[in-house]
>>> print(open('work-v5.pdb').read())   # PDB, C-alpha atoms and all ligand atoms
ATOM      1  CA  MET A   3      14.472   4.612 -10.292  1.00  0.00           C
ATOM      2  CA  LEU A   4      10.738   5.183 -10.230  1.00  0.00           C
ATOM      3  CA  ASN A   5       9.344   4.367  -6.826  1.00  0.00           C
ATOM      4  CA  ILE A   6       5.578   4.303  -6.506  1.00  0.00           C
ATOM      5  CA  ILE A   7       3.535   4.421  -3.364  1.00  0.00           C
ATOM      6  CA  LEU A   8       0.295   2.736  -4.308  1.00  0.00           C
ATOM      7  CA  CYS A   9      -2.224   4.093  -1.867  1.00  0.00           C
ATOM      8  CA  GLY A  10      -5.916   3.530  -1.465  1.00  0.00           C
ATOM      9  CA  ALA A  11      -8.515   2.145   0.902  1.00  0.00           C
ATOM     10  CA  PRO A  12      -8.568  -1.548   1.743  1.00  0.00           C
ATOM     11  CA  GLY A  13     -10.077  -3.231  -1.294  1.00  0.00           C
ATOM     12  CA  SER A  14      -9.145  -0.383  -3.620  1.00  0.00           C
ATOM     13  CA  GLY A  15      -7.139  -2.739  -5.829  1.00  0.00           C
ATOM     14  CA  LYS A  16      -3.554  -2.047  -4.835  1.00  0.00           C
ATOM     15  CA  GLY A  17      -2.434  -5.665  -5.080  1.00  0.00           C
ATOM     16  CA  THR A  18      -4.404  -6.292  -8.263  1.00  0.00           C
ATOM     17  CA  GLN A  19      -3.088  -3.197 -10.024  1.00  0.00           C
ATOM     18  CA  SER A  20       0.493  -3.859  -8.935  1.00  0.00           C
ATOM     19  CA  GLU A  21       0.626  -6.875 -11.250  1.00  0.00           C
ATOM     20  CA  PRO A  22       0.376  -5.017 -14.584  1.00  0.00           C
ATOM     21  CA  LEU A  23       2.840  -2.414 -13.257  1.00  0.00           C
ATOM     22  CA  VAL A  24       5.375  -5.132 -12.480  1.00  0.00           C
ATOM     23  CA  ARG A  25       4.892  -6.609 -15.949  1.00  0.00           C
ATOM     24  CA  GLN A  26       4.870  -3.350 -17.921  1.00  0.00           C
ATOM     25  CA  PHE A  27       7.592  -1.429 -16.121  1.00  0.00           C
ATOM     26  CA  GLY A  28       9.702  -4.148 -14.467  1.00  0.00           C
ATOM     27  CA  LEU A  29       9.159  -2.776 -10.980  1.00  0.00           C
ATOM     28  CA  GLU A  30       9.633  -4.703  -7.744  1.00  0.00           C
ATOM     29  CA  HIS A  31       6.441  -5.197  -5.737  1.00  0.00           C
ATOM     30  CA  LEU A  32       6.568  -4.867  -1.967  1.00  0.00           C
ATOM     31  CA  SER A  33       3.246  -5.659  -0.306  1.00  0.00           C
ATOM     32  CA  THR A  34       3.788  -5.082   3.387  1.00  0.00           C
ATOM     33  CA  GLY A  35       0.501  -6.873   4.107  1.00  0.00           C
ATOM     34  CA  ASP A  36       1.838  -9.988   2.337  1.00  0.00           C
ATOM     35  CA  VAL A  37       5.097  -9.816   4.301  1.00  0.00           C
ATOM     36  CA  LEU A  38       3.130  -9.619   7.554  1.00  0.00           C
ATOM     37  CA  ARG A  39       0.916 -12.545   6.540  1.00  0.00           C
ATOM     38  CA  GLU A  40       4.061 -14.607   5.829  1.00  0.00           C
ATOM     39  CA  GLU A  41       5.262 -13.833   9.351  1.00  0.00           C
ATOM     40  CA  ILE A  42       1.884 -14.987  10.718  1.00  0.00           C
ATOM     41  CA  LYS A  43       2.119 -18.216   8.703  1.00  0.00           C
ATOM     42  CA  SER A  44       5.540 -18.949  10.184  1.00  0.00           C
ATOM     43  CA  GLY A  45       3.822 -19.231  13.568  1.00  0.00           C
ATOM     44  CA  SER A  46       6.533 -17.177  15.327  1.00  0.00           C
ATOM     45  CA  PRO A  47       5.707 -15.239  18.518  1.00  0.00           C
ATOM     46  CA  LEU A  48       6.000 -12.041  16.474  1.00  0.00           C
ATOM     47  CA  GLY A  49       3.601 -13.520  13.920  1.00  0.00           C
ATOM     48  CA  GLN A  50       1.103 -14.206  16.685  1.00  0.00           C
ATOM     49  CA  GLN A  51       1.254 -10.582  17.851  1.00  0.00           C
ATOM     50  CA  ILE A  52       0.815  -9.365  14.274  1.00  0.00           C
ATOM     51  CA  ASP A  53      -2.117 -11.748  13.779  1.00  0.00           C
ATOM     52  CA  ALA A  54      -3.944 -10.257  16.759  1.00  0.00           C
ATOM     53  CA  LEU A  55      -3.514  -6.717  15.413  1.00  0.00           C
ATOM     54  CA  ILE A  56      -4.505  -7.529  11.829  1.00  0.00           C
ATOM     55  CA  SER A  57      -7.589  -9.464  12.913  1.00  0.00           C
ATOM     56  CA  ARG A  58      -8.803  -6.322  14.673  1.00  0.00           C
ATOM     57  CA  GLY A  59      -7.996  -4.126  11.665  1.00  0.00           C
ATOM     58  CA  GLU A  60      -5.287  -2.308  13.591  1.00  0.00           C
ATOM     59  CA  PHE A  61      -1.855  -1.333  12.335  1.00  0.00           C
ATOM     60  CA  VAL A  62       1.417  -2.995  13.144  1.00  0.00           C
ATOM     61  CA  PRO A  63       3.533  -0.386  14.998  1.00  0.00           C
ATOM     62  CA  ASP A  64       5.433   2.113  12.866  1.00  0.00           C
ATOM     63  CA  GLU A  65       8.867   1.085  14.185  1.00  0.00           C
ATOM     64  CA  HIS A  66       8.370  -2.483  13.019  1.00  0.00           C
ATOM     65  CA  MET A  67       7.134  -1.453   9.566  1.00  0.00           C
ATOM     66  CA  ILE A  68       9.889   1.109   9.078  1.00  0.00           C
ATOM     67  CA  LYS A  69      12.541  -1.468   9.966  1.00  0.00           C
ATOM     68  CA  LEU A  70      10.984  -3.873   7.474  1.00  0.00           C
ATOM     69  CA  ILE A  71      11.136  -1.230   4.735  1.00  0.00           C
ATOM     70  CA  GLU A  72      14.728  -0.356   5.583  1.00  0.00           C
ATOM     71  CA  GLN A  73      15.715  -4.018   5.271  1.00  0.00           C
ATOM     72  CA  PHE A  74      13.968  -4.290   1.932  1.00  0.00           C
ATOM     73  CA  LEU A  75      15.756  -1.197   0.623  1.00  0.00           C
ATOM     74  CA  ASP A  76      19.118  -2.506   1.805  1.00  0.00           C
ATOM     75  CA  THR A  77      18.710  -5.888   0.150  1.00  0.00           C
ATOM     76  CA  ARG A  78      16.628  -5.169  -2.956  1.00  0.00           C
ATOM     77  CA  ALA A  79      16.883  -1.524  -4.004  1.00  0.00           C
ATOM     78  CA  ASP A  80      20.176  -1.888  -5.887  1.00  0.00           C
ATOM     79  CA  ASP A  81      19.903  -2.643  -9.603  1.00  0.00           C
ATOM     80  CA  CYS A  82      16.164  -2.384  -9.588  1.00  0.00           C
ATOM     81  CA  LYS A  83      14.054  -0.230 -11.882  1.00  0.00           C
ATOM     82  CA  GLY A  84      11.827   0.869  -9.083  1.00  0.00           C
ATOM     83  CA  ILE A  85       9.691  -0.302  -6.198  1.00  0.00           C
ATOM     84  CA  ILE A  86       5.940  -0.376  -5.762  1.00  0.00           C
ATOM     85  CA  PHE A  87       5.144   0.198  -2.113  1.00  0.00           C
ATOM     86  CA  ASP A  88       1.778  -1.505  -1.680  1.00  0.00           C
ATOM     87  CA  GLY A  89       0.224  -0.811   1.711  1.00  0.00           C
ATOM     88  CA  PHE A  90       3.001   1.384   3.065  1.00  0.00           C
ATOM     89  CA  PRO A  91       3.141   4.118   4.310  1.00  0.00           C
ATOM     90  CA  ARG A  92      -0.097   3.905   6.280  1.00  0.00           C
ATOM     91  CA  THR A  93       0.551   6.761   8.696  1.00  0.00           C
ATOM     92  CA  LEU A  94       2.013  10.230   8.307  1.00  0.00           C
ATOM     93  CA  ASN A  95       4.853   9.195  10.582  1.00  0.00           C
ATOM     94  CA  GLN A  96       5.630   6.286   8.230  1.00  0.00           C
ATOM     95  CA  ALA A  97       5.525   8.666   5.264  1.00  0.00           C
ATOM     96  CA  HIS A  98       8.107  10.941   6.896  1.00  0.00           C
ATOM     97  CA  ALA A  99      10.290   7.936   7.702  1.00  0.00           C
ATOM     98  CA  LEU A 100      10.062   6.663   4.127  1.00  0.00           C
ATOM     99  CA  THR A 101      11.114  10.063   2.765  1.00  0.00           C
ATOM    100  CA  GLU A 102      14.100   9.961   5.100  1.00  0.00           C
ATOM    101  CA  LEU A 103      15.085   6.394   4.104  1.00  0.00           C
ATOM    102  CA  LEU A 104      14.768   7.239   0.410  1.00  0.00           C
ATOM    103  CA  ASN A 105      16.659  10.539   0.788  1.00  0.00           C
ATOM    104  CA  GLN A 106      19.556   8.735   2.433  1.00  0.00           C
ATOM    105  CA  ARG A 107      19.797   6.662  -0.746  1.00  0.00           C
ATOM    106  CA  GLN A 108      19.255   9.579  -3.163  1.00  0.00           C
ATOM    107  CA  LEU A 109      15.840   8.194  -4.049  1.00  0.00           C
ATOM    108  CA  ASN A 110      12.315   9.533  -4.026  1.00  0.00           C
ATOM    109  CA  ALA A 111       8.776   8.318  -4.610  1.00  0.00           C
ATOM    110  CA  VAL A 112       5.471   9.435  -6.070  1.00  0.00           C
ATOM    111  CA  MET A 113       2.059   8.556  -4.737  1.00  0.00           C
ATOM    112  CA  ILE A 114      -0.644   7.025  -6.880  1.00  0.00           C
ATOM    113  CA  ASP A 115      -3.913   7.193  -5.008  1.00  0.00           C
ATOM    114  CA  LEU A 116      -6.603   4.726  -6.060  1.00  0.00           C
ATOM    115  CA  GLN A 117      -9.910   6.395  -5.309  1.00  0.00           C
ATOM    116  CA  VAL A 118     -12.845   4.019  -5.057  1.00  0.00           C
ATOM    117  CA  ASP A 119     -16.375   4.582  -3.758  1.00  0.00           C
ATOM    118  CA  GLU A 120     -16.915   3.311  -0.234  1.00  0.00           C
ATOM    119  CA  GLN A 121     -19.811   0.997  -1.193  1.00  0.00           C
ATOM    120  CA  GLU A 122     -17.679  -0.552  -3.920  1.00  0.00           C
ATOM    121  CA  VAL A 123     -14.726  -1.360  -1.626  1.00  0.00           C
ATOM    122  CA  ILE A 124     -17.004  -2.833   1.029  1.00  0.00           C
ATOM    123  CA  GLN A 125     -18.598  -5.082  -1.579  1.00  0.00           C
ATOM    124  CA  ARG A 126     -15.225  -6.135  -3.005  1.00  0.00           C
ATOM    125  CA  LEU A 127     -13.864  -7.020   0.447  1.00  0.00           C
ATOM    126  CA  ILE A 128     -16.951  -8.976   1.444  1.00  0.00           C
ATOM    127  CA  ASN A 129     -16.635 -10.933  -1.811  1.00  0.00           C
ATOM    128  CA  ARG A 130     -12.909 -11.456  -1.261  1.00  0.00           C
ATOM    129  CA  GLY A 131     -13.648 -12.714   2.253  1.00  0.00           C
ATOM    130  CA  LYS A 132     -15.593 -15.653   0.825  1.00  0.00           C
ATOM    131  CA  THR A 133     -12.367 -17.158  -0.514  1.00  0.00           C
ATOM    132  CA  SER A 134      -9.382 -15.241   0.912  1.00  0.00           C
ATOM    133  CA  GLY A 135      -9.402 -16.899   4.310  1.00  0.00           C
ATOM    134  CA  ARG A 136      -8.183 -13.559   5.680  1.00  0.00           C
ATOM    135  CA  SER A 137      -9.191 -12.898   9.269  1.00  0.00           C
ATOM    136  CA  ASP A 138      -9.728  -9.213   8.435  1.00  0.00           C
ATOM    137  CA  ASP A 139     -12.111  -9.674   5.481  1.00  0.00           C
ATOM    138  CA  ASN A 140     -15.295  -9.781   7.553  1.00  0.00           C
ATOM    139  CA  GLU A 141     -17.819  -6.982   7.748  1.00  0.00           C
ATOM    140  CA  ALA A 142     -16.971  -5.744  11.261  1.00  0.00           C
ATOM    141  CA  THR A 143     -13.234  -5.626  10.602  1.00  0.00           C
ATOM    142  CA  ILE A 144     -13.765  -4.127   7.155  1.00  0.00           C
ATOM    143  CA  ARG A 145     -15.644  -1.210   8.727  1.00  0.00           C
ATOM    144  CA  GLU A 146     -12.902  -0.771  11.304  1.00  0.00           C
ATOM    145  CA  ARG A 147     -10.187  -0.829   8.625  1.00  0.00           C
ATOM    146  CA  LEU A 148     -12.027   1.783   6.585  1.00  0.00           C
ATOM    147  CA  ALA A 149     -12.468   4.052   9.604  1.00  0.00           C
ATOM    148  CA  ILE A 150      -8.777   3.769  10.445  1.00  0.00           C
ATOM    149  CA  TYR A 151      -7.904   4.333   6.804  1.00  0.00           C
ATOM    150  CA  HIS A 152      -9.821   7.617   6.702  1.00  0.00           C
ATOM    151  CA  GLN A 153      -8.442   8.753  10.004  1.00  0.00           C
ATOM    152  CA  ARG A 154      -4.788   7.768   9.709  1.00  0.00           C
ATOM    153  CA  THR A 155      -3.878   6.961   6.100  1.00  0.00           C
ATOM    154  CA  GLN A 156      -5.815   9.439   4.000  1.00  0.00           C
ATOM    155  CA  PRO A 157      -3.981  12.472   5.452  1.00  0.00           C
ATOM    156  CA  ILE A 158      -0.840  11.176   3.744  1.00  0.00           C
ATOM    157  CA  ALA A 159      -2.285  12.246   0.372  1.00  0.00           C
ATOM    158  CA  GLN A 160      -1.952  15.885   1.389  1.00  0.00           C
ATOM    159  CA  TYR A 161       1.703  15.311   2.289  1.00  0.00           C
ATOM    160  CA  TYR A 162       2.549  14.047  -1.202  1.00  0.00           C
ATOM    161  CA  ARG A 163       0.308  16.639  -2.857  1.00  0.00           C
ATOM    162  CA  GLN A 164       2.301  19.378  -1.168  1.00  0.00           C
ATOM    163  CA  ARG A 165       5.512  17.833  -2.432  1.00  0.00           C
ATOM    164  CA  GLY A 166       4.134  17.787  -5.982  1.00  0.00           C
ATOM    165  CA  ASN A 167       4.275  13.987  -6.079  1.00  0.00           C
ATOM    166  CA  TYR A 168       0.609  13.077  -6.031  1.00  0.00           C
ATOM    167  CA  TYR A 169      -1.465  11.366  -8.731  1.00  0.00           C
ATOM    168  CA  PRO A 170      -5.092  10.494  -7.951  1.00  0.00           C
ATOM    169  CA  ILE A 171      -6.680   7.802 -10.136  1.00  0.00           C
ATOM    170  CA  ASP A 172     -10.326   6.856 -10.491  1.00  0.00           C
ATOM    171  CA  GLY A 173     -10.294   3.281  -9.192  1.00  0.00           C
ATOM    172  CA  ASN A 174     -13.959   2.530  -9.877  1.00  0.00           C
ATOM    173  CA  GLY A 175     -15.096   0.252 -12.647  1.00  0.00           C
ATOM    174  CA  ASP A 176     -13.389  -2.231 -14.896  1.00  0.00           C
ATOM    175  CA  MET A 177     -10.008  -3.635 -13.777  1.00  0.00           C
ATOM    176  CA  GLN A 178      -8.420  -3.261 -17.208  1.00  0.00           C
ATOM    177  CA  GLN A 179      -9.630   0.303 -17.621  1.00  0.00           C
ATOM    178  CA  ILE A 180      -8.183   1.199 -14.240  1.00  0.00           C
ATOM    179  CA  ALA A 181      -4.892  -0.463 -15.204  1.00  0.00           C
ATOM    180  CA  GLU A 182      -4.840   1.664 -18.354  1.00  0.00           C
ATOM    181  CA  ARG A 183      -5.422   4.862 -16.347  1.00  0.00           C
ATOM    182  CA  ILE A 184      -2.477   3.977 -14.130  1.00  0.00           C
ATOM    183  CA  ARG A 185      -0.296   2.999 -17.083  1.00  0.00           C
ATOM    184  CA  GLN A 186      -0.845   6.389 -18.691  1.00  0.00           C
ATOM    185  CA  VAL A 187       0.264   8.231 -15.569  1.00  0.00           C
ATOM    186  CA  VAL A 188       3.262   5.984 -14.929  1.00  0.00           C
ATOM    187  CA  SER A 189       4.492   6.044 -18.531  1.00  0.00           C
ATOM    188  CA  ARG A 190       4.811   9.826 -18.245  1.00  0.00           C
ATOM    189  CA  LEU A 191       6.927   9.426 -15.097  1.00  0.00           C
ATOM    190  CA  VAL A 192       9.466   6.793 -16.142  1.00  0.00           C
TER     191      VAL A 192
HETATM  192  N1  LIG A 201      -0.801  -3.844   7.931  1.00  0.00           N
HETATM  193  C1  LIG A 201      -0.106  -2.940   8.702  1.00  0.00           C
HETATM  194  N2  LIG A 201       0.924  -2.231   8.124  1.00  0.00           N
HETATM  195  C2  LIG A 201       1.257  -2.405   6.817  1.00  0.00           C
HETATM  196  C3  LIG A 201       0.549  -3.321   6.040  1.00  0.00           C
HETATM  197  C4  LIG A 201      -0.495  -4.034   6.625  1.00  0.00           C
HETATM  198  O1  LIG A 201      -0.381  -2.748   9.866  1.00  0.00           O
HETATM  199  O2  LIG A 201       2.202  -1.738   6.339  1.00  0.00           O
HETATM  200  C5  LIG A 201      -1.872  -4.632   8.538  1.00  0.00           C
HETATM  201  C6  LIG A 201      -3.133  -3.858   8.835  1.00  0.00           C
HETATM  202  O3  LIG A 201      -3.759  -4.441   9.943  1.00  0.00           O
HETATM  203  C7  LIG A 201      -3.976  -4.092   7.574  1.00  0.00           C
HETATM  204  C8  LIG A 201      -3.639  -5.540   7.268  1.00  0.00           C
HETATM  205  O4  LIG A 201      -2.262  -5.675   7.650  1.00  0.00           O
HETATM  206  O5  LIG A 201      -5.335  -3.873   7.798  1.00  0.00           O
HETATM  207  C9  LIG A 201      -3.840  -5.953   5.820  1.00  0.00           C
HETATM  208  O6  LIG A 201      -3.010  -5.204   4.996  1.00  0.00           O
HETATM  209  P1  LIG A 201      -3.146  -5.273   3.410  1.00  0.00           P
HETATM  210  O7  LIG A 201      -2.305  -4.166   2.856  1.00  0.00           O
HETATM  211  O8  LIG A 201      -2.882  -6.627   2.930  1.00  0.00           O
HETATM  212  O9  LIG A 201      -4.678  -5.013   3.194  1.00  0.00           O
HETATM  213  P2  LIG A 201      -5.429  -4.176   2.104  1.00  0.00           P
HETATM  214  O10 LIG A 201      -5.490  -2.795   2.665  1.00  0.00           O
HETATM  215  O11 LIG A 201      -4.621  -4.271   0.834  1.00  0.00           O
HETATM  216  O12 LIG A 201      -6.758  -4.845   1.996  1.00  0.00           O
HETATM  217 MG    MG A 202      -3.589  -5.567  -0.462  1.00  0.00          MG
END
>>> encode(input="work-v5.pdb", output="structure tokens")
Amino acid sequence: MLNIILCGAPGSGKGTQSEPLVRQFGLEHLSTGDVLREEIKSGSPLGQQIDALISRGEFVPDEHMIKLIEQFLDTRADDCKGIIFDGFPRTLNQAHALTELLNQRQLNAVMIDLQVDEQEVIQRLINRGKTSGRSDDNEATIRERLAIYHQRTQPIAQYYRQRGNYYPIDGNGDMQQIAERIRQVVSRLV
């Protein structure tokens, strides 16, 4: 199994670039952000709590996210060619927990880090906000998400680098060119 942690700032193209990976390599795509937005849509009390956090650009607590990942692994990891983790882990604590969950199942993961200029991601998110209807795609929340990303998520790169499982990709420019950069890295790993 080839499990990929697709990491990168908000607006770096994780969701977009997951699509060709699913098509080319038959991987399962797990977007934790999408799962959380489904919970919000359901209108449950939990969804309402999650909505409040996301609208402020804050993270859903680690314990909740780790449980969600564990459930996904238990129900979907068998007979699958690999998983793309899109949006998880977001904290070092989550990264440690993921290693543990994967180890227990004799699995591992590599990190692909989409590196995009700050001005470019801000512009992409502002554009996305015009149609996405997402409560977090407004300029104030975008800035908050980026600050939290630098503070809490970026340190994870070092963790995977030290484990020899780290692949940075230039995520600026044309979507198809970026997809090709990722494809070249992934095809050497499968
Ligand atoms: N979120 C979270 N944990 C996750 C995934 C998402 O707390 O594992 C929350 C967080 O508030 C984040 C928001 O959901 O800012 C949107 O996540 P998503 O991955 O969809 O946004 P992206 O970073 O791709 O723009
Ligand atoms: Mg996304």
>>> resolve_selection(input="work-v5.pdb", expression="the PyMOL selection byres (((chain A and resi 67) around 12) and not hetatm)", output="PyMOL selection string")
chain A and resi 33-35+37-38+52+61-66+68-74+87+89-93+95-97+99-100
>>> write_last_selection(input="work-v5.pdb", atoms="C-alpha atoms", output="PDB file, in the coordinates of the input")
ATOM      1  CA  SER A  33       3.246  -5.659  -0.306  1.00  0.00           C
ATOM      2  CA  THR A  34       3.788  -5.082   3.387  1.00  0.00           C
ATOM      3  CA  GLY A  35       0.501  -6.873   4.107  1.00  0.00           C
ATOM      4  CA  VAL A  37       5.097  -9.816   4.301  1.00  0.00           C
ATOM      5  CA  LEU A  38       3.130  -9.619   7.554  1.00  0.00           C
ATOM      6  CA  ILE A  52       0.815  -9.365  14.274  1.00  0.00           C
ATOM      7  CA  PHE A  61      -1.855  -1.333  12.335  1.00  0.00           C
ATOM      8  CA  VAL A  62       1.417  -2.995  13.144  1.00  0.00           C
ATOM      9  CA  PRO A  63       3.533  -0.386  14.998  1.00  0.00           C
ATOM     10  CA  ASP A  64       5.433   2.113  12.866  1.00  0.00           C
ATOM     11  CA  GLU A  65       8.867   1.085  14.185  1.00  0.00           C
ATOM     12  CA  HIS A  66       8.370  -2.483  13.019  1.00  0.00           C
ATOM     13  CA  ILE A  68       9.889   1.109   9.078  1.00  0.00           C
ATOM     14  CA  LYS A  69      12.541  -1.468   9.966  1.00  0.00           C
ATOM     15  CA  LEU A  70      10.984  -3.873   7.474  1.00  0.00           C
ATOM     16  CA  ILE A  71      11.136  -1.230   4.735  1.00  0.00           C
ATOM     17  CA  GLU A  72      14.728  -0.356   5.583  1.00  0.00           C
ATOM     18  CA  GLN A  73      15.715  -4.018   5.271  1.00  0.00           C
ATOM     19  CA  PHE A  74      13.968  -4.290   1.932  1.00  0.00           C
ATOM     20  CA  PHE A  87       5.144   0.198  -2.113  1.00  0.00           C
ATOM     21  CA  GLY A  89       0.224  -0.811   1.711  1.00  0.00           C
ATOM     22  CA  PHE A  90       3.001   1.384   3.065  1.00  0.00           C
ATOM     23  CA  PRO A  91       3.141   4.118   4.310  1.00  0.00           C
ATOM     24  CA  ARG A  92      -0.097   3.905   6.280  1.00  0.00           C
ATOM     25  CA  THR A  93       0.551   6.761   8.696  1.00  0.00           C
ATOM     26  CA  ASN A  95       4.853   9.195  10.582  1.00  0.00           C
ATOM     27  CA  GLN A  96       5.630   6.286   8.230  1.00  0.00           C
ATOM     28  CA  ALA A  97       5.525   8.666   5.264  1.00  0.00           C
ATOM     29  CA  ALA A  99      10.290   7.936   7.702  1.00  0.00           C
ATOM     30  CA  LEU A 100      10.062   6.663   4.127  1.00  0.00           C
TER      31      LEU A 100
END
>>> residues_near_ligand(input="work-v5.pdb", ligand="ligand MG 202 (chain A)", cutoff="10 Å", atoms="only C-alpha atoms and all ligand atoms", output="count of residues only")
19
>>> closest_residue(input="work-v5.pdb", among="A:Asn174, A:Ser44, A:Asn110, A:Ser137", to="Ser57 (chain A)", atoms="only C-alpha atoms")
A:Ser137
>>> closest_residue(input="work-v5.pdb", among="A:Asp138, A:Asp119, A:Glu21, A:Glu102", to="ligand LIG 201 (chain A)", atoms="all atoms listed in the file")
A:Asp138
>>> residues_around(input="work-v5.pdb", residues="Leu94 (chain A)", least_positions_apart="5", cutoff="12 Å", atoms="only C-alpha atoms", output="list in words")
Asp64, Ala99, Leu100, Thr101, Tyr151, Gln153, Arg154, Thr155, Gln156, Pro157, Ile158, Ala159, Gln160, Tyr161 and Tyr162 of chain A
>>> write_last_selection(input="work-v5.pdb", atoms="C-alpha atoms", output="compact mmCIF listing (two decimals), in the coordinates of the input")
# COMPACT_ATOMS: atom_id res chain seq x y z
CA ASP A 64 5.43 2.11 12.87
CA ALA A 99 10.29 7.94 7.70
CA LEU A 100 10.06 6.66 4.13
CA THR A 101 11.11 10.06 2.76
CA TYR A 151 -7.90 4.33 6.80
CA GLN A 153 -8.44 8.75 10.00
CA ARG A 154 -4.79 7.77 9.71
CA THR A 155 -3.88 6.96 6.10
CA GLN A 156 -5.82 9.44 4.00
CA PRO A 157 -3.98 12.47 5.45
CA ILE A 158 -0.84 11.18 3.74
CA ALA A 159 -2.28 12.25 0.37
CA GLN A 160 -1.95 15.88 1.39
CA TYR A 161 1.70 15.31 2.29
CA TYR A 162 2.55 14.05 -1.20
>>> closest_atom_pairs(input="work-v5.pdb", of="region 45-133 of chain A", to="region 180-187 of chain A", cutoff="12 Å", atoms="only C-alpha atoms", output="JSON lines")
{"residue": "A:Val112", "atom": "CA", "partner": "A:Val187", "partner_atom": "CA", "distance": 10.9}
{"residue": "A:Met113", "atom": "CA", "partner": "A:Val187", "partner_atom": "CA", "distance": 11.0}
{"residue": "A:Ile114", "atom": "CA", "partner": "A:Ile184", "partner_atom": "CA", "distance": 8.1}
{"residue": "A:Asp115", "atom": "CA", "partner": "A:Ile184", "partner_atom": "CA", "distance": 9.8}
{"residue": "A:Leu116", "atom": "CA", "partner": "A:Ile180", "partner_atom": "CA", "distance": 9.0}
{"residue": "A:Gln117", "atom": "CA", "partner": "A:Ile180", "partner_atom": "CA", "distance": 10.5}
{"residue": "A:Val118", "atom": "CA", "partner": "A:Ile180", "partner_atom": "CA", "distance": 10.7}
>>> resolve_selection(input="work-v5.pdb", expression="the PyMOL selection byres (((chain A and resi 58) around 12) and not hetatm)", output="PyMOL selection string")
chain A and resi 51-57+59-62+136-148+150
>>> atom_distance(input="work-v5.pdb", atom1="CA of Leu23 (chain A)", atom2="CA of His152 (chain A)")
25.7 Å
>>> closest_residue(input="work-v5.pdb", among="A:Gly28, A:His98, A:Pro22, A:Gln121", to="Gln179 (chain A)", atoms="all atoms listed in the file")
A:Pro22
>>> closest_residue(input="work-v5.pdb", among="A:Ala149, A:Leu75, A:Leu29, A:Leu103", to="ligand LIG 201 (chain A)", atoms="all atoms listed in the file")
A:Ala149
>>> atom_distance(input="work-v5.pdb", atom1="atom O6 of ligand LIG 201 (chain A)", atom2="CA of Arg190 (chain A)")
28.8 Å
>>> closest_residue(input="work-v5.pdb", among="A:Gly166, A:Val24, A:Leu191, A:Ile7", to="ligand LIG 201 (chain A)", atoms="only C-alpha atoms and all ligand atoms")
A:Ile7
>>> closest_residue(input="work-v5.pdb", among="A:Leu4, A:Leu127, A:Ile171, A:Val188", to="ligand LIG 201 (chain A)", atoms="all atoms listed in the file")
A:Leu127
>>> axis_aligned_box(input="work-v5.pdb", around="ligand LIG 201 (chain A)", padding_each_side="3 Å", output="lines of an AutoDock Vina configuration file")
center_x = -2.3
center_y = -4.2
center_z = 5.4
size_x = 15.0
size_y = 10.9
size_z = 15.1
